[in-house]
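With compact mmCIF, C-alpha atoms and all ligand atoms inside, this is protein_37.txt:
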# COMPACT_ATOMS: atom_id res chain seq x y z
CA MET A 6 107.40 60.08 123.33
CA LYS A 7 104.93 58.90 120.70
CA ILE A 8 102.48 61.20 118.92
CA VAL A 9 99.01 59.85 119.77
CA ASP A 10 96.74 62.53 118.39
CA ALA A 11 96.86 65.21 115.70
CA LYS A 12 94.19 67.62 114.63
CA VAL A 13 93.75 70.65 112.44
CA ILE A 14 91.73 73.53 113.87
CA VAL A 15 90.40 76.11 111.42
CA CYS A 16 88.87 79.27 112.85
CA CYS A 17 88.12 82.89 111.96
CA PRO A 18 88.29 85.22 114.97
CA GLY A 19 88.35 88.27 112.65
CA ARG A 20 90.45 86.48 110.02
CA ASN A 21 91.19 82.86 109.13
CA PHE A 22 93.78 80.78 110.97
CA VAL A 23 94.75 77.13 110.58
CA THR A 24 96.38 75.54 113.62
CA LEU A 25 97.88 72.07 114.00
CA LYS A 26 97.69 70.50 117.46
CA LEU A 27 99.86 67.43 118.15
CA THR A 28 99.50 65.48 121.39
CA VAL A 29 101.98 62.92 122.79
CA GLU A 30 101.46 59.92 125.10
CA ASP A 31 101.79 61.75 128.40
CA GLY A 32 99.25 64.39 127.35
CA ILE A 33 101.66 67.21 126.41
CA TYR A 34 100.55 69.01 123.28
CA GLY A 35 102.27 71.33 120.85
CA LEU A 36 100.92 73.89 118.38
CA GLY A 37 102.00 74.87 114.89
CA ASP A 38 100.59 77.62 112.68
CA ALA A 39 99.51 76.38 109.22
CA THR A 40 97.92 79.58 107.91
CA LEU A 41 98.44 80.49 104.24
CA ASN A 42 96.38 83.64 103.71
CA GLY A 43 93.71 83.18 101.02
CA ARG A 44 94.56 79.48 100.46
CA GLU A 45 93.97 78.19 104.00
CA LEU A 46 92.00 75.04 103.25
CA ALA A 47 94.64 73.67 100.88
CA VAL A 48 97.06 73.41 103.81
CA ALA A 49 94.36 72.02 106.12
CA SER A 50 93.70 69.26 103.58
CA TYR A 51 97.42 68.62 103.00
CA LEU A 52 97.78 68.04 106.74
CA ASP A 53 94.55 66.10 107.31
CA ASP A 54 94.67 63.94 104.21
CA HIS A 55 98.38 63.34 103.75
CA VAL A 56 100.52 64.25 106.77
CA ILE A 57 98.55 63.36 109.89
CA PRO A 58 98.25 59.67 108.94
CA LEU A 59 102.08 59.56 108.88
CA LEU A 60 102.53 61.22 112.26
CA ILE A 61 100.58 58.98 114.59
CA GLY A 62 103.01 56.68 116.42
CA ARG A 63 106.15 58.68 115.49
CA ASP A 64 108.62 59.76 118.17
CA ALA A 65 107.99 63.48 118.75
CA ARG A 66 111.62 64.00 119.77
CA ARG A 67 112.89 63.26 116.25
CA ILE A 68 112.33 66.80 114.99
CA GLU A 69 115.09 66.95 112.36
CA ASP A 70 114.28 63.48 111.06
CA THR A 71 110.55 64.27 110.81
CA TRP A 72 111.36 67.41 108.81
CA HIS A 73 113.28 65.38 106.21
CA TYR A 74 110.69 62.58 106.33
CA LEU A 75 108.01 65.08 105.24
CA TYR A 76 110.19 67.10 102.85
CA LYS A 77 112.03 64.32 101.03
CA GLY A 78 109.23 61.83 101.60
CA ALA A 79 106.78 63.92 99.56
CA TYR A 80 109.10 63.65 96.54
CA TRP A 81 107.47 66.89 95.22
CA ARG A 82 109.60 69.64 96.70
CA ARG A 83 109.07 73.16 98.02
CA GLY A 84 105.99 75.32 97.40
CA PRO A 85 103.98 77.31 99.95
CA VAL A 86 101.34 74.64 100.68
CA THR A 87 103.84 71.86 101.35
CA MET A 88 106.21 74.07 103.30
CA THR A 89 103.47 75.63 105.44
CA ALA A 90 102.28 72.14 106.38
CA ILE A 91 105.84 71.05 107.24
CA SER A 92 106.31 74.26 109.24
CA ALA A 93 103.24 73.51 111.34
CA VAL A 94 104.47 70.01 112.23
CA ASP A 95 107.98 71.25 112.98
CA THR A 96 106.80 74.12 115.21
CA ALA A 97 104.44 71.83 117.14
CA LEU A 98 107.29 69.35 117.73
CA TRP A 99 109.60 72.08 119.08
CA ASP A 100 106.75 73.26 121.33
CA ILE A 101 106.29 69.72 122.68
CA ARG A 102 110.02 69.20 123.23
CA ALA A 103 110.46 72.45 125.12
CA LYS A 104 107.35 71.79 127.23
CA SER A 105 108.57 68.29 128.05
CA LEU A 106 111.83 69.80 129.36
CA ASN A 107 109.89 72.60 131.07
CA VAL A 108 111.84 75.40 129.35
CA PRO A 109 110.86 78.27 127.06
CA LEU A 110 111.72 77.32 123.48
CA TYR A 111 114.56 79.84 123.09
CA GLN A 112 116.54 77.88 125.70
CA LEU A 113 116.68 74.95 123.25
CA LEU A 114 117.85 77.23 120.43
CA GLY A 115 121.12 78.23 122.06
CA GLY A 116 119.62 80.54 124.67
CA ALA A 117 119.06 84.29 124.51
CA SER A 118 121.47 86.31 122.35
CA ARG A 119 119.83 89.56 123.52
CA ASP A 120 117.52 90.83 126.24
CA LYS A 121 114.66 91.89 124.00
CA VAL A 122 113.51 91.91 120.41
CA LEU A 123 113.26 95.19 118.42
CA VAL A 124 109.94 95.32 116.52
CA TYR A 125 108.47 97.69 113.96
CA GLY A 126 104.90 98.97 113.86
CA HIS A 127 102.71 100.01 110.95
CA ALA A 128 101.80 103.64 110.34
CA SER A 129 99.45 104.25 107.44
CA GLY A 130 96.91 106.72 106.12
CA SER A 131 94.94 107.49 103.00
CA ASP A 132 97.07 110.62 102.41
CA MET A 133 100.32 112.23 103.57
CA GLU A 134 98.80 114.13 106.52
CA LYS A 135 96.94 111.10 107.86
CA THR A 136 100.07 108.99 107.54
CA LEU A 137 102.06 111.57 109.51
CA GLY A 138 99.32 111.51 112.19
CA SER A 139 99.42 107.73 112.35
CA PHE A 140 103.23 107.81 112.56
CA GLY A 141 103.04 110.16 115.57
CA HIS A 142 100.57 107.77 117.20
CA PHE A 143 103.00 104.84 116.86
CA LEU A 144 105.82 106.94 118.31
CA ASN A 145 103.60 107.69 121.31
CA LEU A 146 103.00 103.97 121.74
CA GLY A 147 106.76 103.57 122.21
CA TYR A 148 107.81 102.12 118.83
CA ARG A 149 111.44 102.84 117.82
CA ALA A 150 110.95 101.56 114.27
CA ILE A 151 107.92 102.32 112.13
CA ARG A 152 106.93 101.34 108.62
CA ALA A 153 105.07 104.08 106.72
CA GLN A 154 102.60 103.38 103.90
CA SER A 155 100.38 106.07 102.42
CA GLY A 156 97.65 106.49 99.85
CA VAL A 157 99.20 107.91 96.65
CA PRO A 158 97.65 111.02 95.05
CA GLY A 159 95.86 109.97 91.86
CA LEU A 160 95.30 106.35 92.97
CA LYS A 161 92.01 105.25 94.53
CA ALA A 162 93.42 102.64 96.88
CA THR A 163 96.79 101.11 97.47
CA TYR A 164 98.54 98.44 99.49
CA GLY A 165 99.14 98.67 103.22
CA ILE A 166 96.56 101.25 104.32
CA GLY A 167 94.40 100.50 107.38
CA HIS A 168 90.72 101.42 107.39
CA GLY A 169 89.88 104.00 110.06
CA GLU A 170 91.18 102.95 113.43
CA THR A 171 91.36 99.25 112.59
CA THR A 172 94.55 97.29 112.15
CA TYR A 173 95.53 96.74 108.56
CA GLU A 174 93.80 93.48 107.50
CA PRO A 175 94.09 92.89 103.77
CA ALA A 176 91.96 89.74 103.35
CA VAL A 177 88.43 90.40 102.12
CA ARG A 178 85.39 88.07 102.21
CA ASP A 179 83.98 86.49 99.04
CA ALA A 180 85.66 87.88 95.92
CA PRO A 181 89.07 89.60 95.74
CA PRO A 182 88.77 93.41 95.59
CA GLU A 183 90.71 95.26 92.86
CA ASP A 184 93.25 98.02 93.49
CA HIS A 185 94.69 100.28 90.77
CA TRP A 186 98.30 101.12 90.30
CA SER A 187 100.59 103.63 88.64
CA THR A 188 104.32 103.31 89.23
CA GLU A 189 104.80 106.88 87.99
CA HIS A 190 102.44 108.35 90.62
CA TYR A 191 104.01 106.19 93.33
CA LEU A 192 107.63 107.01 92.51
CA ARG A 193 106.86 110.75 92.52
CA PHE A 194 105.14 110.61 95.89
CA VAL A 195 107.11 108.26 98.15
CA PRO A 196 110.32 110.35 98.44
CA GLN A 197 108.15 113.36 99.42
CA LEU A 198 106.52 111.27 102.16
CA PHE A 199 109.87 110.22 103.63
CA GLU A 200 111.25 113.74 103.43
CA ARG A 201 108.31 114.92 105.55
CA LEU A 202 108.72 112.02 108.01
CA ARG A 203 112.41 112.82 108.59
CA THR A 204 111.75 116.54 108.88
CA GLU A 205 108.90 116.13 111.38
CA PHE A 206 110.17 113.21 113.46
CA GLY A 207 113.95 113.65 113.43
CA PRO A 208 116.92 111.39 112.73
CA GLU A 209 116.54 108.72 115.44
CA VAL A 210 113.42 106.74 114.58
CA HIS A 211 113.94 103.82 112.17
CA LEU A 212 111.93 104.31 108.97
CA LEU A 213 110.77 101.33 106.90
CA HIS A 214 108.75 101.03 103.70
CA ASP A 215 107.27 98.15 101.69
CA ALA A 216 107.05 98.44 97.89
CA HIS A 217 105.23 95.07 97.79
CA HIS A 218 106.95 93.59 94.71
CA ARG A 219 105.54 96.30 92.40
CA LEU A 220 108.59 97.83 90.70
CA THR A 221 110.88 96.69 87.92
CA PRO A 222 114.54 96.46 88.98
CA ILE A 223 115.49 99.79 87.43
CA GLU A 224 112.46 101.54 88.98
CA ALA A 225 113.38 100.02 92.33
CA ALA A 226 116.97 101.23 91.90
CA ARG A 227 115.69 104.76 91.32
CA LEU A 228 113.43 104.64 94.38
CA GLY A 229 116.29 103.35 96.54
CA ARG A 230 118.49 106.20 95.32
CA ASP A 231 115.78 108.84 95.84
CA LEU A 232 115.26 107.61 99.41
CA GLU A 233 118.95 107.64 100.37
CA PRO A 234 118.88 111.08 102.03
CA PHE A 235 116.23 109.84 104.47
CA ARG A 236 118.32 106.87 105.70
CA LEU A 237 115.74 104.08 105.69
CA PHE A 238 116.21 101.06 107.93
CA TRP A 239 114.97 99.12 104.91
CA LEU A 240 113.10 99.19 101.64
CA GLU A 241 111.11 95.96 101.46
CA ASP A 242 110.27 93.88 98.38
CA PRO A 243 111.32 96.58 95.89
CA THR A 244 110.83 94.08 93.07
CA ALA A 245 109.45 90.56 92.72
CA ALA A 246 112.34 88.32 93.73
CA GLU A 247 111.64 85.04 91.96
CA LEU A 248 114.34 86.43 89.67
CA GLN A 249 117.14 86.67 92.20
CA PRO A 250 119.79 88.14 89.81
CA ALA A 251 117.50 91.19 89.35
CA LEU A 252 118.74 92.39 92.70
CA ARG A 253 122.24 92.88 91.27
CA LEU A 254 120.95 95.79 89.27
CA ILE A 255 119.32 97.44 92.29
CA ARG A 256 122.49 96.97 94.35
CA GLN A 257 124.64 98.67 91.73
CA HIS A 258 122.63 101.87 92.12
CA THR A 259 121.70 102.36 95.74
CA THR A 260 122.87 102.02 99.34
CA THR A 261 119.31 101.92 100.72
CA PRO A 262 119.17 98.59 102.63
CA ILE A 263 116.95 95.96 101.03
CA ALA A 264 114.69 93.39 102.76
CA ILE A 265 113.12 90.48 100.87
CA GLY A 266 111.62 87.08 101.57
CA GLU A 267 108.16 87.02 103.16
CA VAL A 268 106.88 84.87 100.28
CA PHE A 269 109.90 82.54 100.19
CA ASN A 270 109.58 79.04 101.56
CA THR A 271 113.04 77.47 101.40
CA ILE A 272 116.71 78.36 101.60
CA PHE A 273 116.89 77.82 97.83
CA ASP A 274 114.66 80.87 97.24
CA CYS A 275 117.20 83.18 98.85
CA GLN A 276 120.52 81.37 98.44
CA GLN A 277 121.79 83.66 95.67
CA LEU A 278 120.44 86.79 97.37
CA ILE A 279 122.39 85.90 100.50
CA GLU A 280 125.59 84.53 98.98
CA GLU A 281 126.02 87.52 96.65
CA GLN A 282 125.03 89.91 99.46
CA LEU A 283 122.22 91.33 97.33
CA ILE A 284 119.99 91.93 100.36
CA ASP A 285 120.52 93.17 103.90
CA PHE A 286 117.59 91.49 105.64
CA ILE A 287 115.88 88.15 105.04
CA ARG A 288 112.13 88.37 105.72
CA SER A 289 111.20 84.66 105.79
CA THR A 290 109.43 83.44 108.89
CA VAL A 291 108.56 80.26 110.75
CA VAL A 292 105.16 79.50 109.21
CA HIS A 293 106.05 79.71 105.53
CA ALA A 294 109.74 78.76 105.52
CA GLY A 295 109.75 75.25 106.95
CA GLY A 296 109.38 75.94 110.66
CA ILE A 297 112.04 76.62 113.27
CA THR A 298 114.29 73.88 111.87
CA HIS A 299 114.56 75.28 108.34
CA LEU A 300 114.44 78.96 109.27
CA ARG A 301 117.47 78.48 111.50
CA LYS A 302 119.38 77.06 108.52
CA ILE A 303 118.46 80.13 106.47
CA ALA A 304 119.57 82.40 109.32
CA HIS A 305 122.88 80.56 109.74
CA LEU A 306 123.65 80.86 106.03
CA ALA A 307 122.74 84.57 106.22
CA GLU A 308 124.97 85.10 109.27
CA ALA A 309 128.06 84.18 107.29
CA TYR A 310 127.24 86.96 104.78
CA GLN A 311 126.25 89.61 107.34
CA VAL A 312 122.62 89.46 106.26
CA ARG A 313 120.28 89.94 109.23
CA THR A 314 116.82 88.54 109.90
CA GLY A 315 113.60 90.56 109.74
CA CYS A 316 110.77 88.06 110.10
CA HIS A 317 107.41 88.69 108.49
CA GLY A 318 104.80 89.32 111.18
CA ALA A 319 101.56 90.52 109.58
CA THR A 320 98.23 89.66 111.23
CA ASP A 321 97.59 86.82 108.77
CA LEU A 322 100.25 84.86 110.68
CA SER A 323 98.64 83.57 113.87
CA PRO A 324 99.87 84.24 117.42
CA VAL A 325 101.45 80.77 117.23
CA THR A 326 103.84 82.10 114.57
CA MET A 327 104.38 85.32 116.53
CA GLY A 328 105.39 83.31 119.60
CA ALA A 329 107.68 81.02 117.60
CA ALA A 330 109.26 83.95 115.76
CA LEU A 331 110.05 85.73 119.02
CA HIS A 332 111.89 82.67 120.40
CA PHE A 333 113.83 82.50 117.13
CA ASP A 334 114.54 86.27 117.22
CA LEU A 335 115.76 86.20 120.80
CA SER A 336 118.16 83.36 120.12
CA VAL A 337 119.59 83.81 116.62
CA HIS A 338 122.84 85.80 116.50
CA ASN A 339 122.14 87.79 113.31
CA PHE A 340 118.71 89.06 114.31
CA GLY A 341 117.79 92.43 112.76
CA ILE A 342 114.19 93.35 113.53
CA GLN A 343 110.76 91.70 113.87
CA GLU A 344 107.55 92.90 112.21
CA TYR A 345 104.67 93.29 114.68
CA MET A 346 101.01 93.98 113.98
CA PRO A 347 98.90 93.31 117.08
CA HIS A 348 96.04 90.86 116.48
CA THR A 349 92.40 91.65 117.18
CA GLU A 350 91.14 91.18 120.70
CA GLU A 351 89.11 88.08 119.62
CA THR A 352 92.27 86.51 118.16
CA ASP A 353 94.19 87.15 121.36
CA ARG A 354 91.38 85.49 123.34
CA VAL A 355 91.44 82.40 121.11
CA TYR A 356 95.25 82.23 121.40
CA PRO A 357 96.28 83.30 124.93
CA HIS A 358 100.02 83.98 124.91
CA ALA A 359 103.00 84.80 127.10
CA TYR A 360 104.72 87.18 124.65
CA ASN A 361 104.57 90.87 125.42
CA PHE A 362 105.37 94.34 124.05
CA ARG A 363 107.06 97.16 125.95
CA ASP A 364 108.68 100.39 124.73
CA GLY A 365 109.17 99.22 121.17
CA PHE A 366 110.56 95.78 122.08
CA MET A 367 109.02 92.35 122.55
CA HIS A 368 109.86 89.23 124.53
CA PRO A 369 108.49 85.68 124.08
CA GLY A 370 107.96 85.24 127.84
CA GLU A 371 109.21 82.45 130.09
CA ALA A 372 106.33 79.96 129.77
CA PRO A 373 107.47 76.45 128.73
CA GLY A 374 107.42 75.82 124.97
CA LEU A 375 106.18 78.54 122.64
CA GLY A 376 104.11 80.11 125.39
CA VAL A 377 101.03 80.21 123.12
CA GLN A 378 97.86 78.20 123.79
CA ILE A 379 94.57 77.73 121.94
CA ASP A 380 91.09 77.92 123.45
CA GLU A 381 89.42 75.33 121.23
CA ALA A 382 85.88 75.92 122.53
CA LEU A 383 86.18 79.61 121.73
CA ALA A 384 87.82 78.90 118.35
CA ALA A 385 84.78 76.77 117.42
CA LYS A 386 82.57 79.84 117.80
CA PHE A 387 84.39 81.54 114.91
CA PRO A 388 83.93 79.30 111.85
CA TYR A 389 86.03 79.65 108.68
CA GLN A 390 84.94 82.29 106.14
CA ARG A 391 86.40 82.24 102.66
CA ALA A 392 88.48 85.37 102.02
CA TYR A 393 90.93 86.60 99.38
CA LEU A 394 93.78 89.06 99.15
CA PRO A 395 93.14 91.93 96.72
CA ILE A 396 94.42 91.91 93.17
CA ASN A 397 96.02 94.90 91.49
CA ARG A 398 95.71 96.35 87.97
CA LYS A 399 97.60 99.11 86.20
CA LEU A 400 95.49 102.10 85.14
CA ASP A 401 95.05 100.54 81.66
CA GLY A 402 93.66 97.32 83.19
CA THR A 403 96.77 95.12 82.99
CA LEU A 404 97.09 92.74 85.94
CA HIS A 405 100.03 93.72 88.16
CA SER A 406 101.60 92.34 91.37
CA TRP A 407 99.51 93.21 94.42
C1 LIG B 1 103.12 92.39 104.08
C2 LIG B 1 101.96 91.58 104.38
O1 LIG B 1 103.62 92.52 106.34
C3 LIG B 1 104.02 92.73 105.21
O2 LIG B 1 105.09 93.22 104.94
O3 LIG B 1 103.70 92.46 102.85
O4 LIG B 1 100.96 92.42 104.88
C4 LIG B 1 101.39 90.72 103.25
O5 LIG B 1 100.77 91.49 102.30
C5 LIG B 1 100.42 89.75 103.84
O6 LIG B 1 101.04 89.02 104.85
C6 LIG B 1 99.85 88.84 102.78
O7 LIG B 1 99.10 87.83 103.37
MG MG B 2 105.73 92.92 103.02

Take the structure I supplied and represent it as structure tokens, if you would.
Ligand code: CS2
Ligand code: MG
Amino acid sequence: MKIVDAKVIVCCPGRNFVTLKLTVEDGIYGLGDATLNGRELAVASYLDDHVIPLLIGRDARRIEDTWHYLYKGAYWRRGPVTMTAISAVDTALWDIRAKSLNVPLYQLLGGASRDKVLVYGHASGSDMEKTLGSFGHFLNLGYRAIRAQSGVPGLKATYGIGHGETTYEPAVRDAPPEDHWSTEHYLRFVPQLFERLRTEFGPEVHLLHDAHHRLTPIEAARLGRDLEPFRLFWLEDPTAAELQPALRLIRQHTTTPIAIGEVFNTIFDCQQLIEEQLIDFIRSTVVHAGGITHLRKIAHLAEAYQVRTGCHGATDLSPVTMGAALHFDLSVHNFGIQEYMPHTEETDRVYPHAYNFRDGFMHPGEAPGLGVQIDEALAAKFPYQRAYLPINRKLDGTLHSW
């Protein structure tokens, strides 16, 4: 089953996506997402200039071997560009293999461990009242788990807030916009928000929140403690986790569950967090953490330590990642929850897919492979447009994590 063709498709149906399409001798093709928000063309070049020449003629069934061929063969290890490129190849190979056997991918991953995949939606608003309104809207849509992000009094703009009715889409054309930040304002406000959410919406709904790497460990410990009465499902990225031992300090002070890992790209980025049980959920997903092959290794390590998965699923990951993640979620034993932000209608038309949402749960569908296709003619009508994530400064102008 030789790979005979490989191409990188870059398109912008509302936001930029990079997709790898691999085709084998008998015409079967597989897709892999290669999107790295704000740095898309670096991965496109990595694939076009360095990886694709190595793939033509290789046996598409040798998925594990190809992973090591690209990882060890590069000599230079890890990093988001390399690992996103490897992820795309790996995902496309799994897609091809499952299609060639005429089964949905999850059947090759040990089969279904559950009937459906719990997902969380994204409530947000520029102030407390609007966030409560948005939260009620998500409950009406059937979500059982909802992340809440709100504008903070005293700050002009902050992370995670949608504009009007539109889905939250952080990338902005041309130059990166600047947000402003005050940890003091934020730490005063967030517990009030969650107190209101619990009071108005009761004890059943799962509440989630993302601090987006902005707190020091001791500030994060305080926030976790202040949120304990409201029983969060998780507090995400309370602090930047390049420094894994920092999580020890947070753990000593709070029982609020912690989720980390959307920016990680290998098992080595979360090994200490998992082995010391410093987190409760690992957020890494298919596109940035080495594809299905590597993400399963992360999940298996986590299983031994009772850490559950909670894959990243923002709209800057294409429907190809969403499809792949849902097969992974359905099959892996220690699944926790899946993030879900529906894509724009144009994106869904470019990437027709079998996955579906009902009553707060999703399913990858029964189509062979990932169950996600690409309409290349339509994709060509949406050319790439350079875009950046915002940057963030403290009120005195110091650059801070966004
Ligand atoms: C986020 C993302 O979904 C999340 O939890 O933190 O929105 C993240 O900011 C983007 O994926 C960055 O590209
Ligand atoms: Mg996040």

Exercise for review: In Å, rounded to a single decimal, give me how far atom CA of A:Arg256 is from atom CA of A:Gln154.
Suggested key: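 Between atom CA of A:Gln154 and atom CA of A:Arg256 the gap works out to 23.0 Å.
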
Near ligand LIG 1 (chain B), 9 Å: chain A residue rows, closest pairs, only C-alpha atoms and all ligand atoms, as a Markdown table:
| residue | atom | partner | partner_atom | distance |
| --- | --- | --- | --- | --- |
| A:Leu41 | CA | B:LIG1 | O7 | 7.4 |
| A:Asn42 | CA | B:LIG1 | O7 | 5.0 |
| A:Gly43 | CA | B:LIG1 | O7 | 7.5 |
| A:His127 | CA | B:LIG1 | O1 | 8.8 |
| A:Tyr164 | CA | B:LIG1 | O5 | 7.8 |
| A:Gly165 | CA | B:LIG1 | O4 | 6.7 |
| A:Tyr173 | CA | B:LIG1 | O4 | 7.9 |
| A:Glu174 | CA | B:LIG1 | O4 | 7.7 |
| A:Pro175 | CA | B:LIG1 | O4 | 7.0 |
| A:Ala176 | CA | B:LIG1 | O7 | 7.4 |
| A:His214 | CA | B:LIG1 | O2 | 8.7 |
| A:Asp215 | CA | B:LIG1 | O2 | 6.3 |
| A:Ala216 | CA | B:LIG1 | O3 | 8.5 |
| A:His217 | CA | B:LIG1 | O3 | 5.9 |
| A:His218 | CA | B:LIG1 | O3 | 8.8 |
| A:Glu241 | CA | B:LIG1 | O2 | 7.5 |
| A:Asp242 | CA | B:LIG1 | O3 | 8.1 |
| A:Glu267 | CA | B:LIG1 | O3 | 7.0 |
| A:Val268 | CA | B:LIG1 | C6 | 8.5 |
| A:Arg288 | CA | B:LIG1 | O2 | 8.6 |
| A:His317 | CA | B:LIG1 | O1 | 5.8 |
| A:Gly318 | CA | B:LIG1 | O1 | 5.9 |
| A:Ala319 | CA | B:LIG1 | O1 | 4.3 |
| A:Thr320 | CA | B:LIG1 | O6 | 7.0 |
| A:Asp321 | CA | B:LIG1 | O6 | 5.7 |
| A:Leu322 | CA | B:LIG1 | O6 | 7.2 |
| A:Glu344 | CA | B:LIG1 | O1 | 7.1 |
| A:Tyr345 | CA | B:LIG1 | O1 | 8.4 |
| A:Met346 | CA | B:LIG1 | O1 | 8.2 |
| A:Leu394 | CA | B:LIG1 | O7 | 6.9 |
| A:Trp407 | CA | B:LIG1 | O5 | 8.2 |

Review point. How far is it from atom CA of A:Val124 to atom CA of A:Val94, in Å with one decimal?
Key: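 Computing it gives 26.2 Å between the two atoms.
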
Practice item. Using only C-alpha atoms, pick whichever of A:Val177, A:Ala251, A:Thr136, A:Thr163 has the shortest atom-to-atom distance to A:Tyr191. Key: A:Thr163

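Counting all atoms listed in the file, the residue from A:Ile151, A:Ile297, A:Leu400, A:Ala97 that sits nearest to A:His211 is A:Ile151.
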
Check your understanding: Which one is closest to ligand MG 2 (chain B): A:Leu106, A:Ile379, A:Ile396, A:Leu213? Count all atoms listed in the file.
Key ->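 Using all atoms listed in the file, ligand MG 2 (chain B) sits closest to A:Leu213.
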
Exercise for review: Would you list the residues near (111.7, 100.9, 90.8) (no more than 10 Å away, in the coordinates of the file, using all atoms listed in the file) as a list in words?
Suggested key: Thr188, Glu189, Tyr191, Leu192, Ala216, His218, Arg219, Leu220, Thr221, Pro222, Ile223, Glu224, Ala225, Ala226, Arg227, Leu228, Gly229, Arg230, Pro243, Thr244 and Ile255 of chain A

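Compared by their closest atoms to A:Asn145, and using all atoms listed in the file, the residues A:Ala330, A:Leu283, A:Val48, A:Val210 rank with A:Val210 nearest.
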
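Residue nearest A:Asp184 within the list A:Pro196, A:Asp231, A:Glu45, A:Gly156: A:Gly156 [criterion: smallest interatomic distance, only C-alpha atoms].
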
Practice item. Do a neighbour search on A:Asp401 at 10 Å with all atoms listed in the file, toss out local chain neighbours closer than 5 positions, and write the hits as an MDAnalysis selection string. Key: chainID A and resid 185:187

Review point. Smallest atom-to-atom distance to ligand MG 2 (chain B): which of A:Arg152, A:His73, A:Arg63, A:Arg119, using only C-alpha atoms and all ligand atoms?
Key: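 Comparing A:Arg152, A:His73, A:Arg63, A:Arg119 against ligand MG 2 (chain B), the winner is A:Arg152.
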
Exercise for review: Would you mind reading off the distance between atom CA of A:Arg354 and atom CA of A:Ser139, one decimal, in Å?
Suggested key: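 Going from atom CA of A:Arg354 over to atom CA of A:Ser139 covers 26.1 Å.
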
Practice item. Skip A:Ile284 itself and residues of its chain fewer than 4 positions away, then list as a list in words all residues within 7 Å of it, counting all atoms listed in the file. Key: Ile263, Ala264, Leu278, Ile279 and Val312 of chain A

Output C-alpha atoms for every residue in that selection, as a tab-separated table (two decimals), in the coordinates of the input.
chain	number	residue	atom	x	y	z
A	263	ILE	CA	116.95	95.96	101.03
A	264	ALA	CA	114.69	93.39	102.76
A	278	LEU	CA	120.44	86.79	97.37
A	279	ILE	CA	122.39	85.90	100.50
A	312	VAL	CA	122.62	89.46	106.26

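For A:Val56, the residues within 9 Å (counting all atoms listed in the file, excluding itself and residues fewer than 3 positions away along the chain) are Tyr51, Leu52, Asp53, Leu59, Leu60, Leu75, Ala90, Ile91 and Val94 of chain A.
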
Same residues, C-alpha atoms, saved as a compact mmCIF listing (two decimals), in the frame of the given file:
# COMPACT_ATOMS: atom_id res chain seq x y z
CA TYR A 51 97.42 68.62 103.00
CA LEU A 52 97.78 68.04 106.74
CA ASP A 53 94.55 66.10 107.31
CA LEU A 59 102.08 59.56 108.88
CA LEU A 60 102.53 61.22 112.26
CA LEU A 75 108.01 65.08 105.24
CA ALA A 90 102.28 72.14 106.38
CA ILE A 91 105.84 71.05 107.24
CA VAL A 94 104.47 70.01 112.23

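Using all atoms listed in the file, the protein and nucleic acid residues lying no more than 10 Å from A:Pro369, apart from those fewer than 5 places from it along its own chain, are Pro109, Leu110, Tyr111, Lys121, Val122, Met327, Gly328, Ala329, Ala330, Leu331, His332, Phe333, Asp334, Leu335, His358, Ala359, Tyr360, Asn361, Phe362, Gly374, Leu375, Gly376 and Val377 of chain A.
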
Centre, edges in Å (one decimal): axis-aligned box, stretch 133-152 of chain A, 6 Å padding on all six sides, as AutoDock Vina command-line options:
--center_x 104.2 --center_y 107.7 --center_z 112.9 --size_x 26.5 --size_y 24.8 --size_z 30.6

Exercise for review: For the point (84.1, 84.2, 115.1) in the file's frame, write as a PyMOL selection string all residues with an atom no more than 6 Å away, counting all atoms listed in the file.
Suggested key: chain A and resi 17-18+386-388

Output C-alpha atoms of each residue in that selection to a file, as a PDB file, in the frame of the given file.
ATOM      1  CA  CYS A  17      88.120  82.890 111.960  1.00  0.00           C
ATOM      2  CA  PRO A  18      88.290  85.220 114.970  1.00  0.00           C
ATOM      3  CA  LYS A 386      82.570  79.840 117.800  1.00  0.00           C
ATOM      4  CA  PHE A 387      84.390  81.540 114.910  1.00  0.00           C
ATOM      5  CA  PRO A 388      83.930  79.300 111.850  1.00  0.00           C
TER       6      PRO A 388
END

Taking 5 positions as the minimum chain separation for residues in the same chain, which residues sit within 9 Å of A:Cys16 when counting only C-alpha atoms? Answer as an mmCIF file with C-alpha atoms, in the frame of the given file.
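New file part.cif:
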data_model
loop_
_atom_site.group_PDB
_atom_site.id
_atom_site.type_symbol
_atom_site.label_atom_id
_atom_site.label_comp_id
_atom_site.auth_asym_id
_atom_site.auth_seq_id
_atom_site.Cartn_x
_atom_site.Cartn_y
_atom_site.Cartn_z
ATOM 1 C CA ASN A 21 91.190 82.860 109.130
ATOM 2 C CA PHE A 22 93.780 80.780 110.970
ATOM 3 C CA VAL A 23 94.750 77.130 110.580
ATOM 4 C CA THR A 24 96.380 75.540 113.620
ATOM 5 C CA ALA A 384 87.820 78.900 118.350
ATOM 6 C CA ALA A 385 84.780 76.770 117.420
ATOM 7 C CA LYS A 386 82.570 79.840 117.800
ATOM 8 C CA PHE A 387 84.390 81.540 114.910
ATOM 9 C CA PRO A 388 83.930 79.300 111.850
ATOM 10 C CA TYR A 389 86.030 79.650 108.680
ATOM 11 C CA GLN A 390 84.940 82.290 106.140
#

Will you give me stretch 130-137 of chain A, written with C-alpha atoms and laid out as an mmCIF file, in the first residue's frame?
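Here's the written file decode-v2.cif:
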data_model
loop_
_atom_site.group_PDB
_atom_site.id
_atom_site.type_symbol
_atom_site.label_atom_id
_atom_site.label_comp_id
_atom_site.auth_asym_id
_atom_site.auth_seq_id
_atom_site.Cartn_x
_atom_site.Cartn_y
_atom_site.Cartn_z
ATOM 1 C CA GLY A 130 -19.877 37.740 27.612
ATOM 2 C CA SER A 131 -18.335 41.152 28.047
ATOM 3 C CA ASP A 132 -19.754 41.348 31.596
ATOM 4 C CA MET A 133 -21.308 39.131 34.280
ATOM 5 C CA GLU A 134 -24.925 39.524 33.082
ATOM 6 C CA LYS A 135 -24.088 38.785 29.450
ATOM 7 C CA THR A 136 -22.069 35.742 30.497
ATOM 8 C CA LEU A 137 -25.018 34.442 32.534
#
